[in-house]
Amino acid sequence: MSVAPTTPPTGAVAHTLGDGYARLTGLCEALSVRVAAPGADAARAGVPAAELVKDEAVLDAFVAAEAARIHDRYGVVPRRDVAASRALHDYAWSVSLLMSGAWYLERRVPRIRPEDLRLDLARAEFTVTPGSDLACLADDPAATLPGVLTVPHEEALDAELRASVADHMGPLLDAIGPIARRRSRALWGMVSDDLVSGIWYLGRTLGREDHAVRAAGRLLPSAVAPYPNGADFRHLTTDDGRRHATRTRTGCCMYYTIRPAEACGTCPRTCDAERLRRLQG
């Protein structure tokens, strides 16, 4: 008699998370993340994200790789602090979206440890190995899996997401801050912005922008330590009467230093008149 293979209880959470990450990366074209099989050989290509805060040479290579990409893409040699800020922006957006995507799509919050993430510096790609730390609501089928943390309500789940992102990003901000020449508020402002913008991006991808804007507003209704700002969405109305969501970043991603005439649509340097011009152009 044949017996169907089963997933060991200790690996059930990892497999659940892996399925969720795969769904998310399939939806989000801009998310350059490869999902490794749970328990895959640790000797994969790339450097462990944990080394960014342990080895100064790895952090320097992380920044140098971004500087090389900026030069190749735009023909500009960026200042080192600009390259550091751009590299941090990409990292924060990608890692935050892996966690917030699960929160938005499935009402689950994984905790991604730096040890679970590897970076291909040359290609600016990430590999995530699903771990075993997951929080969800008590009525979620995943609540029966071993080791899963259940929380009593949506507000507690929101708090888990804020804490998970902050715990992952905090050590990296401490390490890269001197290179980026930014203090704590500006660094955490960037993380706030990237957490919110990832949810916004996912909502637009799904054709549910208004829903995503409301969700991001509930997650960060105002400053919640260590995040120095709320989602702070507002709307602009174009000549055809349509309302468009917008917001202004707190932590600048420094793109304007590379393309001064093409500052981001949410940059503090981009006025509402210019935002409307782009929307109507």
# chains A, B, ... in the order shown; residues from 1 in each chain; ligands from 1
>>> residues_around(residues="Arg34 in chain A", least_positions_apart="4", cutoff="7 Å", atoms="only C-alpha atoms", output="VMD selection string")
chain A and resid 126 to 128
>>> closest_atom_pairs(of="range 142-224 of chain A", to="range 102-107 of chain A", cutoff="9 Å", atoms="only C-alpha atoms", output="JSON lines")
{"residue": "A:Glu154", "atom": "CA", "partner": "A:Arg107", "partner_atom": "CA", "distance": 8.4}
{"residue": "A:Leu157", "atom": "CA", "partner": "A:Arg107", "partner_atom": "CA", "distance": 7.7}
{"residue": "A:Asp158", "atom": "CA", "partner": "A:Trp103", "partner_atom": "CA", "distance": 8.1}
{"residue": "A:Leu161", "atom": "CA", "partner": "A:Trp103", "partner_atom": "CA", "distance": 7.4}
{"residue": "A:Ile199", "atom": "CA", "partner": "A:Tyr104", "partner_atom": "CA", "distance": 7.4}
{"residue": "A:Leu202", "atom": "CA", "partner": "A:Tyr104", "partner_atom": "CA", "distance": 8.6}
{"residue": "A:Gly203", "atom": "CA", "partner": "A:Tyr104", "partner_atom": "CA", "distance": 8.9}
{"residue": "A:Ala212", "atom": "CA", "partner": "A:Tyr104", "partner_atom": "CA", "distance": 8.1}
{"residue": "A:Ala215", "atom": "CA", "partner": "A:Tyr104", "partner_atom": "CA", "distance": 7.9}
>>> write_last_selection(atoms="C-alpha atoms", output="tab-separated table (two decimals), in the first residue's frame")
chain	number	residue	atom	x	y	z
A	154	GLU	CA	-6.73	43.11	13.17
A	157	LEU	CA	-1.90	41.93	13.40
A	158	ASP	CA	-1.08	45.43	12.17
A	161	LEU	CA	3.68	43.86	10.78
A	199	ILE	CA	1.18	48.19	-0.20
A	202	LEU	CA	0.36	45.92	-4.70
A	203	GLY	CA	-3.11	47.48	-4.58
A	212	ALA	CA	-4.79	49.46	-0.53
A	215	ALA	CA	-5.23	49.58	4.37
>>> select_by_dssp(residues="range 36-276 of chain A", states="alpha helix (DSSP H)", output="VMD selection string")
chain A and resid 56 to 74 80 to 106 154 to 180 184 to 205 209 to 219 272 to 276
>>> select_by_dssp(residues="range 31-270 of chain A", states="strand (DSSP E)", output="count of residues only")
31
>>> residues_around(residues="Val224 in chain A", least_positions_apart="5", cutoff="9 Å", atoms="only C-alpha atoms", output="VMD selection string")
chain A and resid 162 229 to 230
>>> closest_residue(among="A:Ala49, A:Ile70, A:Val213, A:Arg234", to="Glu125 in chain A", atoms="only C-alpha atoms")
A:Ala49
>>> residues_around(residues="Ala67 in chain A", least_positions_apart="3", cutoff="7 Å", atoms="only C-alpha atoms", output="ChimeraX atom specification")
/A:63-64,70-71,77-78,83
>>> write_last_selection(atoms="all heavy atoms", output="PDB file, in the first residue's frame")
ATOM      1  N   VAL A  63      26.948  48.877  -1.295  1.00  0.00           N
ATOM      2  CA  VAL A  63      26.852  50.260  -1.773  1.00  0.00           C
ATOM      3  C   VAL A  63      27.541  50.413  -3.125  1.00  0.00           C
ATOM      4  O   VAL A  63      27.021  51.070  -4.043  1.00  0.00           O
ATOM      5  CB  VAL A  63      27.440  51.223  -0.729  1.00  0.00           C
ATOM      6  CG1 VAL A  63      27.486  52.655  -1.264  1.00  0.00           C
ATOM      7  CG2 VAL A  63      26.645  51.154   0.566  1.00  0.00           C
ATOM      8  N   ALA A  64      28.708  49.803  -3.277  1.00  0.00           N
ATOM      9  CA  ALA A  64      29.453  49.914  -4.538  1.00  0.00           C
ATOM     10  C   ALA A  64      28.679  49.291  -5.696  1.00  0.00           C
ATOM     11  O   ALA A  64      28.708  49.807  -6.825  1.00  0.00           O
ATOM     12  CB  ALA A  64      30.817  49.241  -4.395  1.00  0.00           C
ATOM     13  N   ILE A  70      23.843  52.470 -10.990  1.00  0.00           N
ATOM     14  CA  ILE A  70      23.435  53.838 -11.325  1.00  0.00           C
ATOM     15  C   ILE A  70      24.265  54.359 -12.496  1.00  0.00           C
ATOM     16  O   ILE A  70      23.736  54.967 -13.434  1.00  0.00           O
ATOM     17  CB  ILE A  70      23.578  54.754 -10.097  1.00  0.00           C
ATOM     18  CG1 ILE A  70      22.550  54.364  -9.025  1.00  0.00           C
ATOM     19  CG2 ILE A  70      23.423  56.223 -10.475  1.00  0.00           C
ATOM     20  CD1 ILE A  70      22.753  55.043  -7.691  1.00  0.00           C
ATOM     21  N   HIS A  71      25.562  54.084 -12.458  1.00  0.00           N
ATOM     22  CA  HIS A  71      26.424  54.536 -13.553  1.00  0.00           C
ATOM     23  C   HIS A  71      26.058  53.852 -14.864  1.00  0.00           C
ATOM     24  O   HIS A  71      25.972  54.495 -15.922  1.00  0.00           O
ATOM     25  CB  HIS A  71      27.892  54.276 -13.211  1.00  0.00           C
ATOM     26  CG  HIS A  71      28.837  54.732 -14.272  1.00  0.00           C
ATOM     27  ND1 HIS A  71      29.377  53.864 -15.205  1.00  0.00           N
ATOM     28  CD2 HIS A  71      29.318  55.968 -14.578  1.00  0.00           C
ATOM     29  CE1 HIS A  71      30.150  54.545 -16.028  1.00  0.00           C
ATOM     30  NE2 HIS A  71      30.140  55.814 -15.679  1.00  0.00           N
ATOM     31  N   VAL A  77      27.993  59.169 -12.107  1.00  0.00           N
ATOM     32  CA  VAL A  77      28.749  58.617 -10.980  1.00  0.00           C
ATOM     33  C   VAL A  77      28.162  59.226  -9.708  1.00  0.00           C
ATOM     34  O   VAL A  77      28.353  60.421  -9.443  1.00  0.00           O
ATOM     35  CB  VAL A  77      30.246  58.940 -11.086  1.00  0.00           C
ATOM     36  CG1 VAL A  77      30.988  58.397  -9.868  1.00  0.00           C
ATOM     37  CG2 VAL A  77      30.822  58.350 -12.359  1.00  0.00           C
ATOM     38  N   PRO A  78      27.417  58.454  -8.924  1.00  0.00           N
ATOM     39  CA  PRO A  78      26.747  59.029  -7.766  1.00  0.00           C
ATOM     40  C   PRO A  78      27.697  59.229  -6.593  1.00  0.00           C
ATOM     41  O   PRO A  78      28.713  58.541  -6.473  1.00  0.00           O
ATOM     42  CB  PRO A  78      25.698  57.974  -7.421  1.00  0.00           C
ATOM     43  CG  PRO A  78      26.363  56.689  -7.810  1.00  0.00           C
ATOM     44  CD  PRO A  78      27.156  57.008  -9.056  1.00  0.00           C
ATOM     45  N   ALA A  83      24.405  56.547  -3.390  1.00  0.00           N
ATOM     46  CA  ALA A  83      24.366  55.109  -3.688  1.00  0.00           C
ATOM     47  C   ALA A  83      23.872  54.326  -2.478  1.00  0.00           C
ATOM     48  O   ALA A  83      23.079  53.379  -2.615  1.00  0.00           O
ATOM     49  CB  ALA A  83      25.749  54.627  -4.118  1.00  0.00           C
TER      50      ALA A  83
END
>>> atom_distance(atom1="CA of Glu274 in chain A", atom2="CA of Thr248 in chain A")
13.0 Å
>>> residues_around(residues="Ala263 in chain A", least_positions_apart="2", cutoff="12 Å", atoms="only C-alpha atoms", output="PDB file with N, CA, C and O atoms, in the first residue's frame")
ATOM      1  N   THR A 248       3.345  62.413   0.028  1.00  0.00           N
ATOM      2  CA  THR A 248       4.679  62.995  -0.055  1.00  0.00           C
ATOM      3  C   THR A 248       5.606  62.227   0.867  1.00  0.00           C
ATOM      4  O   THR A 248       5.313  62.048   2.055  1.00  0.00           O
ATOM      5  N   ARG A 249       6.699  61.759   0.296  1.00  0.00           N
ATOM      6  CA  ARG A 249       7.657  60.977   1.070  1.00  0.00           C
ATOM      7  C   ARG A 249       8.273  61.805   2.193  1.00  0.00           C
ATOM      8  O   ARG A 249       8.476  63.011   2.049  1.00  0.00           O
ATOM      9  N   CYS A 252      13.626  60.947   1.668  1.00  0.00           N
ATOM     10  CA  CYS A 252      13.896  61.048   0.227  1.00  0.00           C
ATOM     11  C   CYS A 252      14.743  59.877  -0.260  1.00  0.00           C
ATOM     12  O   CYS A 252      15.713  59.475   0.387  1.00  0.00           O
ATOM     13  N   CYS A 253      14.379  59.346  -1.442  1.00  0.00           N
ATOM     14  CA  CYS A 253      15.125  58.224  -2.017  1.00  0.00           C
ATOM     15  C   CYS A 253      16.332  58.696  -2.833  1.00  0.00           C
ATOM     16  O   CYS A 253      17.078  57.878  -3.361  1.00  0.00           O
ATOM     17  N   MET A 254      16.497  60.015  -2.974  1.00  0.00           N
ATOM     18  CA  MET A 254      17.670  60.633  -3.617  1.00  0.00           C
ATOM     19  C   MET A 254      17.711  60.477  -5.134  1.00  0.00           C
ATOM     20  O   MET A 254      18.716  60.791  -5.763  1.00  0.00           O
ATOM     21  N   TYR A 255      16.622  60.046  -5.738  1.00  0.00           N
ATOM     22  CA  TYR A 255      16.623  59.913  -7.191  1.00  0.00           C
ATOM     23  C   TYR A 255      16.841  61.265  -7.872  1.00  0.00           C
ATOM     24  O   TYR A 255      17.438  61.337  -8.943  1.00  0.00           O
ATOM     25  N   TYR A 256      16.374  62.326  -7.237  1.00  0.00           N
ATOM     26  CA  TYR A 256      16.493  63.652  -7.850  1.00  0.00           C
ATOM     27  C   TYR A 256      17.952  64.048  -8.069  1.00  0.00           C
ATOM     28  O   TYR A 256      18.259  64.880  -8.926  1.00  0.00           O
ATOM     29  N   THR A 257      18.871  63.459  -7.300  1.00  0.00           N
ATOM     30  CA  THR A 257      20.287  63.775  -7.493  1.00  0.00           C
ATOM     31  C   THR A 257      20.843  63.126  -8.756  1.00  0.00           C
ATOM     32  O   THR A 257      21.889  63.539  -9.259  1.00  0.00           O
ATOM     33  N   ILE A 258      20.144  62.109  -9.237  1.00  0.00           N
ATOM     34  CA  ILE A 258      20.569  61.397 -10.445  1.00  0.00           C
ATOM     35  C   ILE A 258      19.903  61.989 -11.678  1.00  0.00           C
ATOM     36  O   ILE A 258      20.536  62.187 -12.715  1.00  0.00           O
ATOM     37  N   ARG A 259      18.624  62.281 -11.555  1.00  0.00           N
ATOM     38  CA  ARG A 259      17.850  62.881 -12.630  1.00  0.00           C
ATOM     39  C   ARG A 259      17.123  64.105 -12.064  1.00  0.00           C
ATOM     40  O   ARG A 259      15.952  64.031 -11.710  1.00  0.00           O
ATOM     41  N   PRO A 260      17.809  65.248 -11.970  1.00  0.00           N
ATOM     42  CA  PRO A 260      17.220  66.426 -11.316  1.00  0.00           C
ATOM     43  C   PRO A 260      15.885  66.866 -11.907  1.00  0.00           C
ATOM     44  O   PRO A 260      15.030  67.371 -11.171  1.00  0.00           O
ATOM     45  N   ALA A 261      15.692  66.661 -13.192  1.00  0.00           N
ATOM     46  CA  ALA A 261      14.439  67.100 -13.820  1.00  0.00           C
ATOM     47  C   ALA A 261      13.336  66.058 -13.715  1.00  0.00           C
ATOM     48  O   ALA A 261      12.218  66.292 -14.185  1.00  0.00           O
ATOM     49  N   GLY A 265       7.396  61.105  -8.273  1.00  0.00           N
ATOM     50  CA  GLY A 265       6.074  61.698  -8.146  1.00  0.00           C
ATOM     51  C   GLY A 265       5.646  61.958  -6.726  1.00  0.00           C
ATOM     52  O   GLY A 265       4.729  62.742  -6.482  1.00  0.00           O
ATOM     53  N   THR A 266       6.303  61.306  -5.745  1.00  0.00           N
ATOM     54  CA  THR A 266       5.975  61.544  -4.342  1.00  0.00           C
ATOM     55  C   THR A 266       7.088  62.306  -3.617  1.00  0.00           C
ATOM     56  O   THR A 266       7.060  62.401  -2.397  1.00  0.00           O
ATOM     57  N   CYS A 267       8.042  62.818  -4.376  1.00  0.00           N
ATOM     58  CA  CYS A 267       9.164  63.561  -3.782  1.00  0.00           C
ATOM     59  C   CYS A 267       8.668  64.890  -3.212  1.00  0.00           C
ATOM     60  O   CYS A 267       7.806  65.546  -3.811  1.00  0.00           O
ATOM     61  N   PRO A 268       9.201  65.330  -2.070  1.00  0.00           N
ATOM     62  CA  PRO A 268       8.832  66.658  -1.552  1.00  0.00           C
ATOM     63  C   PRO A 268       9.128  67.776  -2.539  1.00  0.00           C
ATOM     64  O   PRO A 268       8.527  68.855  -2.455  1.00  0.00           O
ATOM     65  N   ARG A 269      10.032  67.532  -3.480  1.00  0.00           N
ATOM     66  CA  ARG A 269      10.385  68.556  -4.478  1.00  0.00           C
ATOM     67  C   ARG A 269       9.400  68.620  -5.633  1.00  0.00           C
ATOM     68  O   ARG A 269       9.488  69.523  -6.465  1.00  0.00           O
ATOM     69  N   THR A 270       8.496  67.661  -5.724  1.00  0.00           N
ATOM     70  CA  THR A 270       7.524  67.634  -6.814  1.00  0.00           C
ATOM     71  C   THR A 270       6.214  68.265  -6.334  1.00  0.00           C
ATOM     72  O   THR A 270       5.506  67.677  -5.507  1.00  0.00           O
ATOM     73  N   CYS A 271       5.889  69.435  -6.839  1.00  0.00           N
ATOM     74  CA  CYS A 271       4.693  70.158  -6.400  1.00  0.00           C
ATOM     75  C   CYS A 271       3.440  69.527  -7.005  1.00  0.00           C
ATOM     76  O   CYS A 271       3.506  68.728  -7.948  1.00  0.00           O
ATOM     77  N   GLU A 274       2.947  69.923 -10.776  1.00  0.00           N
ATOM     78  CA  GLU A 274       3.731  68.978 -11.579  1.00  0.00           C
ATOM     79  C   GLU A 274       3.135  67.584 -11.504  1.00  0.00           C
ATOM     80  O   GLU A 274       3.090  66.860 -12.515  1.00  0.00           O
ATOM     81  N   ARG A 275       2.636  67.201 -10.354  1.00  0.00           N
ATOM     82  CA  ARG A 275       1.998  65.881 -10.235  1.00  0.00           C
ATOM     83  C   ARG A 275       0.778  65.805 -11.154  1.00  0.00           C
ATOM     84  O   ARG A 275       0.567  64.799 -11.848  1.00  0.00           O
ATOM     85  N   ARG A 278       1.808  65.455 -14.820  1.00  0.00           N
ATOM     86  CA  ARG A 278       2.192  64.085 -15.176  1.00  0.00           C
ATOM     87  C   ARG A 278       0.975  63.186 -15.300  1.00  0.00           C
ATOM     88  O   ARG A 278       0.915  62.325 -16.185  1.00  0.00           O
TER      89      ARG A 278
END
>>> closest_residue(among="A:Leu24, A:Leu219, A:Ala159, A:Ile179", to="Leu59 in chain A", atoms="only C-alpha atoms")
A:Ile179
>>> residues_around(residues="Gly251 in chain A", least_positions_apart="6", cutoff="7 Å", atoms="only C-alpha atoms", output="PDB file with C-alpha atoms, in the first residue's frame")
ATOM      1  CA  ALA A 186      15.325  60.330   7.925  1.00  0.00           C
ATOM      2  CA  LEU A 187      16.266  56.646   7.793  1.00  0.00           C
ATOM      3  CA  GLY A 189      11.162  57.918   7.279  1.00  0.00           C
ATOM      4  CA  MET A 190      12.457  56.022   4.274  1.00  0.00           C
ATOM      5  CA  ASP A 193       7.648  55.373   2.924  1.00  0.00           C
TER       6      ASP A 193
END
>>> atom_distance(atom1="CA of Thr237 in chain A", atom2="CA of Leu276 in chain A")
7.8 Å
>>> atom_distance(atom1="CA of Asp210 in chain A", atom2="CA of Phe233 in chain A")
10.5 Å
>>> residues_around(residues="Pro130 in chain A", least_positions_apart="3", cutoff="8 Å", atoms="only C-alpha atoms", output="number ranges by chain")
A: 14-15, 17-18, 35-38, 112, 116
>>> write_last_selection(atoms="C-alpha atoms", output="PDB file, in the first residue's frame")
ATOM      1  CA  ALA A  14       7.847  27.306   5.884  1.00  0.00           C
ATOM      2  CA  HIS A  15       5.868  25.645   3.094  1.00  0.00           C
ATOM      3  CA  LEU A  17       5.063  30.959   3.701  1.00  0.00           C
ATOM      4  CA  GLY A  18       6.810  29.776   0.559  1.00  0.00           C
ATOM      5  CA  VAL A  35      11.807  32.031  -3.316  1.00  0.00           C
ATOM      6  CA  ALA A  36      14.062  29.181  -2.223  1.00  0.00           C
ATOM      7  CA  ALA A  37      12.652  25.828  -1.273  1.00  0.00           C
ATOM      8  CA  PRO A  38      12.385  25.418   2.503  1.00  0.00           C
ATOM      9  CA  ILE A 112      11.883  37.521   7.915  1.00  0.00           C
ATOM     10  CA  ASP A 116      16.641  34.163   5.716  1.00  0.00           C
TER      11      ASP A 116
END
>>> closest_residue(among="A:Gly217, A:Asp133, A:Ala175, A:Trp93", to="Leu145 in chain A", atoms="only C-alpha atoms")
A:Asp133
>>> closest_residue(among="A:Tyr74, A:Phe62, A:Tyr91, A:Tyr201", to="Val47 in chain A", atoms="only C-alpha atoms")
A:Phe62
>>> closest_residue(among="A:Pro141, A:Gly170, A:Gly147, A:Gly75", to="Val53 in chain A", atoms="only C-alpha atoms")
A:Gly170
>>> decode(residues="range 142-178 of chain A", atoms="N, CA and C atoms", output="tab-separated table (two decimals), in the first residue's frame")
chain	number	residue	atom	x	y	z
A	142	ALA	N	-4.05	28.61	9.19
A	142	ALA	CA	-2.64	28.49	9.56
A	142	ALA	C	-2.44	28.52	11.06
A	143	ALA	N	-3.45	28.96	11.81
A	143	ALA	CA	-3.32	29.04	13.27
A	143	ALA	C	-3.09	27.68	13.91
A	144	THR	N	-3.45	26.60	13.20
A	144	THR	CA	-3.27	25.25	13.75
A	144	THR	C	-1.86	24.71	13.54
A	145	LEU	N	-1.05	25.41	12.75
A	145	LEU	CA	0.30	24.93	12.49
A	145	LEU	C	1.18	25.13	13.73
A	146	PRO	N	2.14	24.23	13.93
A	146	PRO	CA	2.97	24.33	15.14
A	146	PRO	C	3.81	25.59	15.15
A	147	GLY	N	3.78	26.28	16.30
A	147	GLY	CA	4.62	27.45	16.50
A	147	GLY	C	4.06	28.75	16.01
A	148	VAL	N	2.91	28.74	15.34
A	148	VAL	CA	2.32	29.96	14.81
A	148	VAL	C	1.75	30.80	15.97
A	149	LEU	N	2.01	32.10	15.90
A	149	LEU	CA	1.48	33.04	16.89
A	149	LEU	C	0.11	33.51	16.43
A	150	THR	N	-0.89	33.35	17.26
A	150	THR	CA	-2.21	33.87	16.94
A	150	THR	C	-2.45	35.16	17.72
A	151	VAL	N	-3.06	36.11	17.05
A	151	VAL	CA	-3.36	37.41	17.66
A	151	VAL	C	-4.87	37.61	17.65
A	152	PRO	N	-5.39	38.42	18.59
A	152	PRO	CA	-6.84	38.46	18.79
A	152	PRO	C	-7.63	39.31	17.80
A	153	HIS	N	-6.99	40.24	17.11
A	153	HIS	CA	-7.76	41.13	16.24
A	153	HIS	C	-6.84	41.79	15.20
A	154	GLU	N	-7.46	42.50	14.27
A	154	GLU	CA	-6.73	43.11	13.17
A	154	GLU	C	-5.69	44.12	13.65
A	155	GLU	N	-6.03	44.89	14.68
A	155	GLU	CA	-5.08	45.89	15.18
A	155	GLU	C	-3.80	45.23	15.69
A	156	ALA	N	-3.94	44.07	16.32
A	156	ALA	CA	-2.76	43.35	16.80
A	156	ALA	C	-1.94	42.81	15.64
A	157	LEU	N	-2.62	42.41	14.57
A	157	LEU	CA	-1.90	41.93	13.40
A	157	LEU	C	-1.14	43.08	12.74
A	158	ASP	N	-1.76	44.25	12.70
A	158	ASP	CA	-1.08	45.43	12.17
A	158	ASP	C	0.18	45.72	12.98
A	159	ALA	N	0.07	45.62	14.30
A	159	ALA	CA	1.22	45.87	15.17
A	159	ALA	C	2.33	44.86	14.91
A	160	GLU	N	1.95	43.61	14.62
A	160	GLU	CA	2.95	42.59	14.30
A	160	GLU	C	3.71	42.95	13.03
A	161	LEU	N	3.01	43.46	12.02
A	161	LEU	CA	3.68	43.86	10.78
A	161	LEU	C	4.64	45.01	11.04
A	162	ARG	N	4.19	46.02	11.75
A	162	ARG	CA	5.09	47.15	12.05
A	162	ARG	C	6.33	46.67	12.79
A	163	ALA	N	6.14	45.76	13.76
A	163	ALA	CA	7.27	45.27	14.54
A	163	ALA	C	8.19	44.39	13.70
A	164	SER	N	7.63	43.57	12.84
A	164	SER	CA	8.44	42.68	12.02
A	164	SER	C	9.35	43.46	11.08
A	165	VAL	N	8.80	44.48	10.44
A	165	VAL	CA	9.61	45.30	9.54
A	165	VAL	C	10.66	46.08	10.33
A	166	ALA	N	10.27	46.64	11.47
A	166	ALA	CA	11.21	47.42	12.27
A	166	ALA	C	12.35	46.55	12.80
A	167	ASP	N	12.03	45.34	13.25
A	167	ASP	CA	13.07	44.46	13.79
A	167	ASP	C	14.08	44.08	12.71
A	168	HIS	N	13.58	43.87	11.49
A	168	HIS	CA	14.50	43.52	10.40
A	168	HIS	C	15.36	44.71	9.99
A	169	MET	N	14.75	45.87	9.88
A	169	MET	CA	15.45	47.02	9.31
A	169	MET	C	16.35	47.75	10.30
A	170	GLY	N	16.03	47.72	11.58
A	170	GLY	CA	16.76	48.52	12.56
A	170	GLY	C	18.27	48.35	12.52
A	171	PRO	N	18.79	47.13	12.59
A	171	PRO	CA	20.25	46.96	12.57
A	171	PRO	C	20.89	47.47	11.28
A	172	LEU	N	20.22	47.31	10.15
A	172	LEU	CA	20.78	47.78	8.89
A	172	LEU	C	20.83	49.31	8.86
A	173	LEU	N	19.82	49.96	9.38
A	173	LEU	CA	19.83	51.42	9.44
A	173	LEU	C	21.01	51.91	10.28
A	174	ASP	N	21.26	51.24	11.39
A	174	ASP	CA	22.40	51.62	12.24
A	174	ASP	C	23.71	51.49	11.48
A	175	ALA	N	23.81	50.43	10.67
A	175	ALA	CA	25.07	50.17	9.96
A	175	ALA	C	25.27	51.12	8.78
A	176	ILE	N	24.21	51.40	8.04
A	176	ILE	CA	24.36	52.16	6.80
A	176	ILE	C	24.18	53.66	7.01
A	177	GLY	N	23.64	54.06	8.15
A	177	GLY	CA	23.40	55.47	8.40
A	177	GLY	C	24.60	56.37	8.19
A	178	PRO	N	25.77	56.03	8.72
A	178	PRO	CA	26.93	56.90	8.52
A	178	PRO	C	27.33	57.03	7.04
